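Shown below: input.txt, with compact mmCIF, C-alpha atoms.
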# COMPACT_ATOMS: atom_id res chain seq x y z
CA MET A 306 -7.02 -7.17 -3.19
CA GLY A 307 -3.37 -6.60 -4.14
CA ALA A 308 -4.14 -6.04 -7.85
CA ALA A 309 -6.97 -3.66 -7.01
CA ALA A 310 -4.71 -1.67 -4.66
CA ILE A 311 -1.99 -1.39 -7.31
CA GLY A 312 -4.53 -0.30 -9.91
CA CYS A 313 -6.05 2.31 -7.62
CA PHE A 314 -2.65 3.67 -6.63
CA SER A 315 -1.52 3.83 -10.27
CA GLY A 316 -4.62 5.80 -11.22
CA LEU A 317 -4.11 8.27 -8.39
CA ALA A 318 -0.42 8.60 -9.26
CA TRP A 319 -1.33 9.46 -12.86
CA ALA A 320 -3.88 12.02 -11.65
CA ASP A 321 -1.30 13.56 -9.34
CA ALA A 322 1.46 13.70 -11.95
CA THR A 323 -0.86 15.38 -14.46
CA ALA A 324 -2.43 17.74 -11.87
CA LEU A 325 -5.87 16.44 -12.84
CA ALA A 326 -8.67 18.99 -12.26
CA GLY A 327 -6.05 21.57 -11.37
CA ALA A 328 -5.26 19.89 -8.05
CA PRO A 329 -2.10 21.05 -6.23
CA ILE A 330 0.95 18.82 -5.98
CA ALA A 331 0.40 15.63 -3.93
CA ALA A 332 -3.36 16.29 -3.58
CA TRP A 333 -4.40 13.07 -5.30
CA LEU A 334 -1.90 10.86 -3.46
CA LEU A 335 -2.14 12.38 0.02
CA PRO A 336 -5.44 10.58 0.81
CA VAL A 337 -3.64 7.24 0.43
CA ALA A 338 -1.14 8.25 3.10
CA LEU A 339 -3.92 9.58 5.33
CA VAL A 340 -5.82 6.29 5.14
CA ALA A 341 -2.64 4.46 6.16
CA ALA A 342 -2.04 6.94 8.99
CA THR A 343 -5.53 6.83 10.50
CA GLY A 344 -5.96 3.11 9.90
CA GLY A 345 -2.55 2.30 11.36
CA GLY A 346 -3.15 4.56 14.34
CA ALA A 347 -6.46 2.87 15.09
CA GLU A 348 -4.79 -0.53 14.86
CA VAL A 349 -2.11 0.45 17.38
CA VAL A 350 -4.78 1.70 19.80
CA ARG A 351 -6.66 -1.58 19.51
CA LEU A 352 -3.57 -3.78 19.84
CA ALA A 353 -2.34 -1.85 22.89
CA ALA A 354 -5.77 -2.05 24.55
CA ALA A 355 -5.66 -5.85 24.25
CA ARG A 356 -2.54 -5.76 26.42
CA GLY A 357 -3.98 -3.33 28.95
CA ILE A 358 -2.19 -0.25 27.56
CA VAL A 359 -4.72 2.54 27.14
CA LEU A 360 -3.84 5.05 24.43
CA ALA A 361 -5.71 8.19 23.40
CA ALA A 362 -8.10 6.55 20.94
CA TRP A 363 -8.90 9.75 19.05
CA LEU A 364 -5.49 11.39 19.27
CA VAL A 365 -3.26 8.65 17.90
CA PRO A 366 -4.94 8.32 14.45
CA LEU A 367 -5.67 12.04 14.13
CA GLY A 368 -2.18 12.98 15.29
CA ALA A 369 -0.62 10.55 12.83
CA ALA A 370 -2.77 12.01 10.04
CA ALA A 371 -1.82 15.58 10.97
CA ILE A 372 1.89 14.79 10.91
CA THR A 373 1.53 12.88 7.64
CA SER A 374 -0.21 15.75 5.85
CA ALA A 375 2.04 18.51 7.23
CA PRO A 376 4.61 18.61 4.37
CA ALA A 377 1.92 18.94 1.70
CA VAL A 378 -0.05 21.50 3.72
CA ALA A 379 3.12 23.55 4.23
CA VAL A 380 3.62 23.74 0.47
CA TRP A 381 -0.05 24.43 -0.31
CA THR A 382 -0.23 27.30 2.16
CA GLY A 383 3.04 28.85 1.01
CA ALA A 384 4.80 28.20 4.33
CA ALA A 385 7.36 26.09 2.46
CA ARG A 386 8.57 25.75 -1.10
CA ALA A 387 8.55 22.39 -2.83
CA THR A 388 11.71 23.50 -4.66
CA GLU A 389 13.58 23.51 -1.33
CA PRO A 390 13.71 19.85 -0.19
CA LEU A 391 14.25 20.57 3.50
CA ALA A 392 11.41 23.07 3.82
CA PRO A 393 8.28 20.85 3.56
CA ILE A 394 9.49 18.36 6.18
CA GLY A 395 9.74 21.22 8.66
CA GLY A 396 5.95 21.20 8.80
CA ALA A 397 6.06 17.64 10.07
CA SER A 398 8.38 18.71 12.89
CA VAL A 399 5.88 21.37 13.96
CA ALA A 400 3.07 18.80 13.85
CA CYS A 401 5.12 16.37 15.98
CA ALA A 402 5.64 19.06 18.59
CA ALA A 403 1.92 19.85 18.57
CA VAL A 404 0.96 16.19 19.00
CA LEU A 405 3.41 15.82 21.87
CA GLY A 406 1.98 18.90 23.59
CA ILE A 407 -1.62 17.77 23.12
CA CYS A 408 -0.84 14.29 24.50
CA PHE A 409 0.62 15.72 27.70
CA GLY A 410 -1.93 18.52 27.89
CA THR A 411 -4.77 16.00 27.74
CA GLU A 412 -3.27 14.08 30.64
CA VAL A 413 -2.85 17.29 32.67
CA LEU A 414 -6.55 18.05 32.29
CA ARG A 415 -7.71 14.59 33.35
CA TYR A 416 -4.95 13.71 35.80
CA ALA A 417 -5.68 11.42 38.72
CA PRO A 418 -3.05 10.00 41.11
CA ALA A 419 -1.78 6.54 40.18
CA GLY A 420 -3.53 6.81 36.84
CA ALA A 421 -0.52 5.97 34.63
CA ALA A 422 -0.65 9.41 33.01
CA LEU A 423 2.95 9.32 31.80
CA VAL A 424 2.49 5.91 30.20
CA ARG A 425 -0.63 7.06 28.35
CA ALA A 426 0.87 10.37 27.22
CA GLY A 427 4.20 8.89 26.19
CA ALA A 428 2.75 5.86 24.45
CA SER A 429 0.11 7.92 22.62
CA ALA A 430 2.70 10.42 21.39
CA LEU A 431 5.09 7.66 20.37
CA ALA A 432 2.39 5.81 18.43
CA ALA A 433 1.22 8.91 16.56
CA ILE A 434 4.73 10.10 15.73
CA ALA A 435 6.10 6.65 14.87
CA ILE A 436 3.37 6.26 12.25
CA GLY A 437 2.87 9.85 11.13
CA LEU A 438 6.47 11.03 10.77
CA PRO A 439 7.66 8.26 8.41
CA LEU A 440 4.50 8.74 6.34
CA ALA A 441 5.31 12.46 6.23
CA PHE A 442 8.65 11.57 4.66
CA ILE A 443 6.75 9.52 2.05
CA VAL A 444 4.63 12.59 1.26
CA ALA A 445 7.82 14.69 1.15
CA LEU A 446 9.27 12.30 -1.44
CA ARG A 447 6.41 13.31 -3.72
CA LEU A 448 7.51 16.92 -3.25
CA VAL A 449 11.25 16.44 -3.68
CA ALA A 450 11.39 16.75 -7.50
CA PRO A 451 8.54 19.10 -8.51
CA ASN A 452 10.32 20.64 -11.48
CA THR A 453 11.26 17.50 -13.41
CA GLY A 454 7.94 17.50 -15.27
CA GLY A 455 5.21 14.93 -15.87
CA TRP A 456 5.48 11.47 -14.43
CA ARG A 457 9.18 11.92 -13.58
CA GLN A 458 8.05 13.92 -10.54
CA LEU A 459 6.93 10.60 -9.09
CA VAL A 460 10.27 8.81 -9.46
CA PRO A 461 11.54 9.50 -5.90
CA LEU A 462 8.27 8.18 -4.44
CA VAL A 463 8.14 5.24 -6.83
CA SER A 464 11.77 4.38 -6.07
CA LEU A 465 10.96 3.92 -2.38
CA ILE A 466 7.84 1.82 -2.93
CA ALA A 467 9.33 -0.29 -5.73
CA VAL A 468 12.60 -1.03 -3.94
CA VAL A 469 10.97 -1.89 -0.61
CA LYS A 470 8.15 -4.00 -2.02
CA ALA A 471 10.49 -5.89 -4.37
CA SER A 472 12.67 -6.54 -1.34
CA ASP A 473 9.66 -7.81 0.63
CA ILE A 474 8.61 -10.17 -2.14
CA ALA A 475 12.12 -11.56 -2.64
CA ALA A 476 12.61 -12.07 1.08
CA TYR A 477 9.33 -13.98 1.38
CA ALA A 478 9.86 -16.11 -1.73
CA VAL A 479 13.46 -17.10 -1.07
CA GLY A 480 12.98 -17.41 2.68
CA SER A 481 10.02 -19.75 2.17
CA LEU A 482 11.85 -21.90 -0.39
CA VAL A 483 15.41 -22.19 0.90
CA GLY A 484 15.55 -20.22 4.16
CA ARG A 485 17.28 -22.14 6.92
CA HIS A 486 19.03 -19.64 9.18
CA ARG A 487 16.65 -17.44 11.18
CA MET A 488 17.43 -13.77 11.72
CA ALA A 489 15.33 -13.20 14.82
CA PRO A 490 13.83 -16.55 15.87
CA ILE A 491 11.86 -15.16 18.81
CA VAL A 492 10.62 -11.89 17.32
CA SER A 493 9.93 -13.18 13.79
CA PRO A 494 10.57 -16.91 13.23
CA GLY A 495 9.73 -16.73 9.52
CA LYS A 496 12.49 -14.29 8.56
CA THR A 497 15.79 -15.82 7.48
CA TRP A 498 19.23 -14.60 6.49
CA GLU A 499 18.77 -16.22 3.09
CA GLY A 500 15.61 -14.18 2.61
CA ALA A 501 17.42 -11.02 3.74
CA ALA A 502 20.18 -11.60 1.21
CA ALA A 503 17.63 -12.05 -1.56
CA ALA A 504 15.86 -8.91 -0.37
CA LEU A 505 19.04 -6.85 -0.75
CA VAL A 506 19.75 -8.24 -4.21
CA ALA A 507 16.21 -7.39 -5.31
CA ALA A 508 16.45 -3.92 -3.73
CA VAL A 509 19.66 -3.11 -5.61
CA ALA A 510 18.31 -4.46 -8.90
CA VAL A 511 15.11 -2.42 -8.69
CA ALA A 512 17.03 0.66 -7.52
CA TRP A 513 19.13 0.42 -10.69
CA LEU A 514 16.01 0.07 -12.83
CA VAL A 515 14.21 3.05 -11.29
CA CYS A 516 17.11 5.41 -10.65
CA GLU A 517 18.92 4.79 -13.92
CA ARG A 518 16.11 4.11 -16.38
CA LEU A 519 13.27 6.26 -15.07
CA ALA A 520 14.87 9.19 -13.24
CA ASP A 521 15.48 12.54 -14.90
CA GLY A 522 19.07 12.93 -16.08
CA GLY A 523 19.84 15.71 -13.61
CA THR A 524 18.12 14.23 -10.56
CA ARG A 525 19.58 11.24 -8.74
CA PRO A 526 19.78 10.09 -5.12
CA VAL A 527 23.17 10.79 -3.58
CA GLY A 528 25.52 7.85 -4.08
CA GLY A 529 23.52 6.58 -7.04
CA TRP A 530 21.44 3.47 -7.39
CA LEU A 531 23.80 1.14 -5.51
CA VAL A 532 23.85 3.20 -2.31
CA PHE A 533 20.11 3.79 -2.61
CA GLY A 534 19.33 0.09 -3.07
CA VAL A 535 21.50 -1.07 -0.17
CA ALA A 536 20.48 1.67 2.27
CA VAL A 537 16.76 1.58 1.55
CA GLY A 538 16.76 -2.22 1.37
CA LEU A 539 18.38 -2.52 4.80
CA ALA A 540 16.02 0.07 6.26
CA GLY A 541 13.05 -1.82 4.84
CA ILE A 542 14.20 -5.04 6.53
CA ALA A 543 14.62 -3.12 9.80
CA GLY A 544 11.11 -1.67 9.48
CA ASP A 545 9.62 -5.10 8.91
CA LEU A 546 11.40 -6.49 11.96
CA SER A 547 10.33 -3.49 14.05
CA GLU A 548 6.66 -4.11 13.33
CA SER A 549 7.20 -7.80 14.11
CA LEU A 550 8.58 -6.71 17.49
CA VAL A 551 5.47 -4.60 18.15
CA LYS A 552 3.12 -7.43 17.20
CA ARG A 553 5.10 -9.99 19.20
CA ASP A 554 5.13 -7.81 22.29
CA LEU A 555 1.38 -7.13 21.93
CA GLN A 556 0.74 -10.84 21.16
CA ALA A 557 -0.89 -10.27 17.78
CA LYS A 558 -0.34 -12.16 14.52
CA ASP A 559 -1.44 -9.29 12.26
CA SER A 560 -1.95 -5.61 12.97
CA GLY A 561 -5.56 -5.93 11.78
CA GLY A 562 -7.86 -7.40 9.15
CA ALA A 563 -8.97 -4.31 7.22
CA LEU A 564 -7.11 -5.42 4.07
CA GLY A 565 -8.24 -9.03 4.07
CA GLY A 566 -5.43 -11.47 3.30
CA MET A 567 -2.91 -8.62 3.38
CA GLY A 568 -3.60 -8.04 7.09
CA GLY A 569 -3.88 -4.51 8.44
CA PHE A 570 -2.61 -1.10 7.37
CA LEU A 571 0.57 -1.45 9.39
CA ASP A 572 1.25 -4.84 7.82
CA LEU A 573 1.13 -3.13 4.42
CA VAL A 574 3.41 -0.18 5.22
CA ASP A 575 5.68 -1.58 7.95
CA SER A 576 8.79 -1.94 5.80
CA LEU A 577 8.23 1.51 4.29
CA LEU A 578 8.22 3.35 7.60
CA LEU A 579 11.94 3.19 8.41
CA ALA A 580 12.93 3.19 4.74
CA ALA A 581 11.10 6.44 3.93
CA PRO A 582 13.39 8.82 5.87
CA VAL A 583 16.46 7.11 4.36
CA ALA A 584 15.09 7.43 0.83
CA TRP A 585 14.12 11.07 1.41
CA VAL A 586 17.57 12.01 2.72
CA LEU A 587 19.30 10.39 -0.27
CA TRP A 588 17.05 12.12 -2.78
CA ALA A 589 17.10 15.50 -0.98
CA ILE A 590 20.91 15.56 -0.80
CA GLY A 591 21.14 14.26 -4.36
CA ARG A 592 19.26 17.29 -5.57

Do you think you could lay out the structure here as structure tokens?
Amino acid sequence: MGAAAIGCFSGLAWADATALAGAPIAAWLLPVALVAATGGGAEVVRLAAARGIVLAAWLVPLGAAAITSAPAVAVWTGAARATEPLAPIGGASVACAAVLGICFGTEVLRYAPAGAALVRAGASALAAIAIGLPLAFIVALRLVAPNTGGWRQLVPLVSLIAVVKASDIAAYAVGSLVGRHRMAPIVSPGKTWEGAAAALVAAVAVAWLVCERLADGGTRPVGGWLVFGVAVGLAGIAGDLSESLVKRDLQAKDSGGALGGMGGFLDLVDSLLLAAPVAWVLWAIGR
């Protein structure tokens, strides 16, 4: 499953970088983010329902998808310019406001006393935004360097994925082999400080490889590869722990089983969610 996912993503990345079939920027890669958004949203709805928390089953995945796609749509429609890093992410802000309004508007229309309307509206909005907004930053990373040419346009996006996933792998491998001191024994008993240290080392090493060896000479994240590796690595660890908190509180081992041995969509992207805004800020300011 993992090899197939990497192969599929690599093919779509090549198609996107070469504008295959005349597709606009990010058109080939956006579906990947939308699958993660809708799949993750559906998983949150299901997990919450198991604990008696009723979310808007249709609104959470669709809202997450709308927020995720907003930066690309803003560029495609001319509402924002990809050459201005801050502009595309403004579309995500508008989408967040719309999702928030729809969540509360839905509860107004179906309100009944003692019906937990605020819990449903707040939890539904939080779920959609917590998934969709970080994924929107991932989409915005694809848009942050549109003028570098060819595959180098993908370096900001690749830097996030490579750094975070290398960090994940190092944390798991070292934590499993020599981990003794637990970071959060109640929330996530398997995560150790030894694994976290290895994760940061791996994050910095991969950040150097991507930012120094692959990036265009004139485009770098602010602070260079060291700041990028440390900041994104720490944010990735925080994202992983945050999803562990959600699963622990909802009494679930995995977010779902859609990806077989890899778990659910949220299990795949958890460490990317908090790291994406950090990576985007560093690249946007670096430009």

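Take CA of Val551 (chain A) and CA of Pro376 (chain A): the distance between them is 27.0 Å.
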
Inset, instruction - Write out as number ranges by chain each polymer residue whose atoms come within 8 Å of Val583 (chain A), counting all atoms listed in the file; drop sequence neighbours fewer than 4 positions from it. - result: A: 536-537, 540, 579, 587

Inset, instruction - Could you please determine the separation between CA of Leu352 (chain A) and CA of Lys558 (chain A) in Å, to one decimal place? - result: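 Distance reported for this atom pair: 10.4 Å.
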
Legend entry - All residues 12 Å or closer to Phe533 (chain A), all atoms listed in the file, same chain fewer than 2 positions away omitted, as a PyMOL selection string: chain A and resi 461+464-465+467-469+505+508-517+525-531+535-541+580-588+590-591

Inset, instruction - For each of A:Ile466, A:Val424, A:Val380, A:Val413, take the minimum atom-to-atom distance to Phe314 (chain A), counting only C-alpha atoms, then give the residue where this is smallest. - result: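 Checking each candidate against Phe314 (chain A), we get A:Ile466 as the closest.
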
Can you write out as CSV which residues of region 383-406 of chain A fall within 9 Å of region 425-439 of chain A, alongside each residue's closest atom pair and its distance in Å to one decimal, counting all atoms listed in the file and ordering rows by chain and ascending residue number?
residue,atom,partner,partner_atom,distance
A:Ala397,CA,A:Leu438,CA,6.7
A:Ser398,CA,A:Leu438,CA,8.2
A:Cys401,CA,A:Ile434,CA,6.3
A:Val404,CA,A:Ala430,CA,6.5
A:Leu405,CA,A:Ala430,CA,5.5
A:Gly406,CA,A:Ala430,CA,8.8

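Candidate residues A:Val444, A:Ala318, A:Ile474, A:Ala422 were compared for distance to Val378 (chain A), and the nearest is A:Val444, using all atoms listed in the file.
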
Legend entry - Among the residues A:Ile311, A:Leu339, A:Ala478, A:Leu462, the one that comes closest to Leu577 (chain A) [using all atoms listed in the file]: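 The closest residue to Leu577 (chain A) is A:Leu462.
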
Inset, instruction - Just the residues within 6 Å of region 562-574 of chain A, please, counting all atoms listed in the file, with nothing from its chain fewer than 3 positions along; format it as a list in words. - result: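 These residues fall inside the cut-off: Ala341, Gly344, Gly345, Asp559 and Leu577 of chain A.
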
Inset, instruction - Could you please determine the separation between CA of Asp545 (chain A) and CA of Leu578 (chain A) in Å, to one decimal place? - result: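 One can read the CA of Asp545 (chain A) to CA of Leu578 (chain A) distance as 8.7 Å.
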
Legend entry - Test item: residues at most 8 Å from Arg485 (chain A), only C-alpha atoms, excluding those fewer than 6 positions along its chain, as a PyMOL selection string: chain A and resi 497-499

Inset, instruction - For each of A:Ala377, A:Ile407, A:Trp333, A:Pro490, take the minimum atom-to-atom distance to Trp363 (chain A), counting all atoms listed in the file, then give the residue where this is smallest. - result: A:Ile407
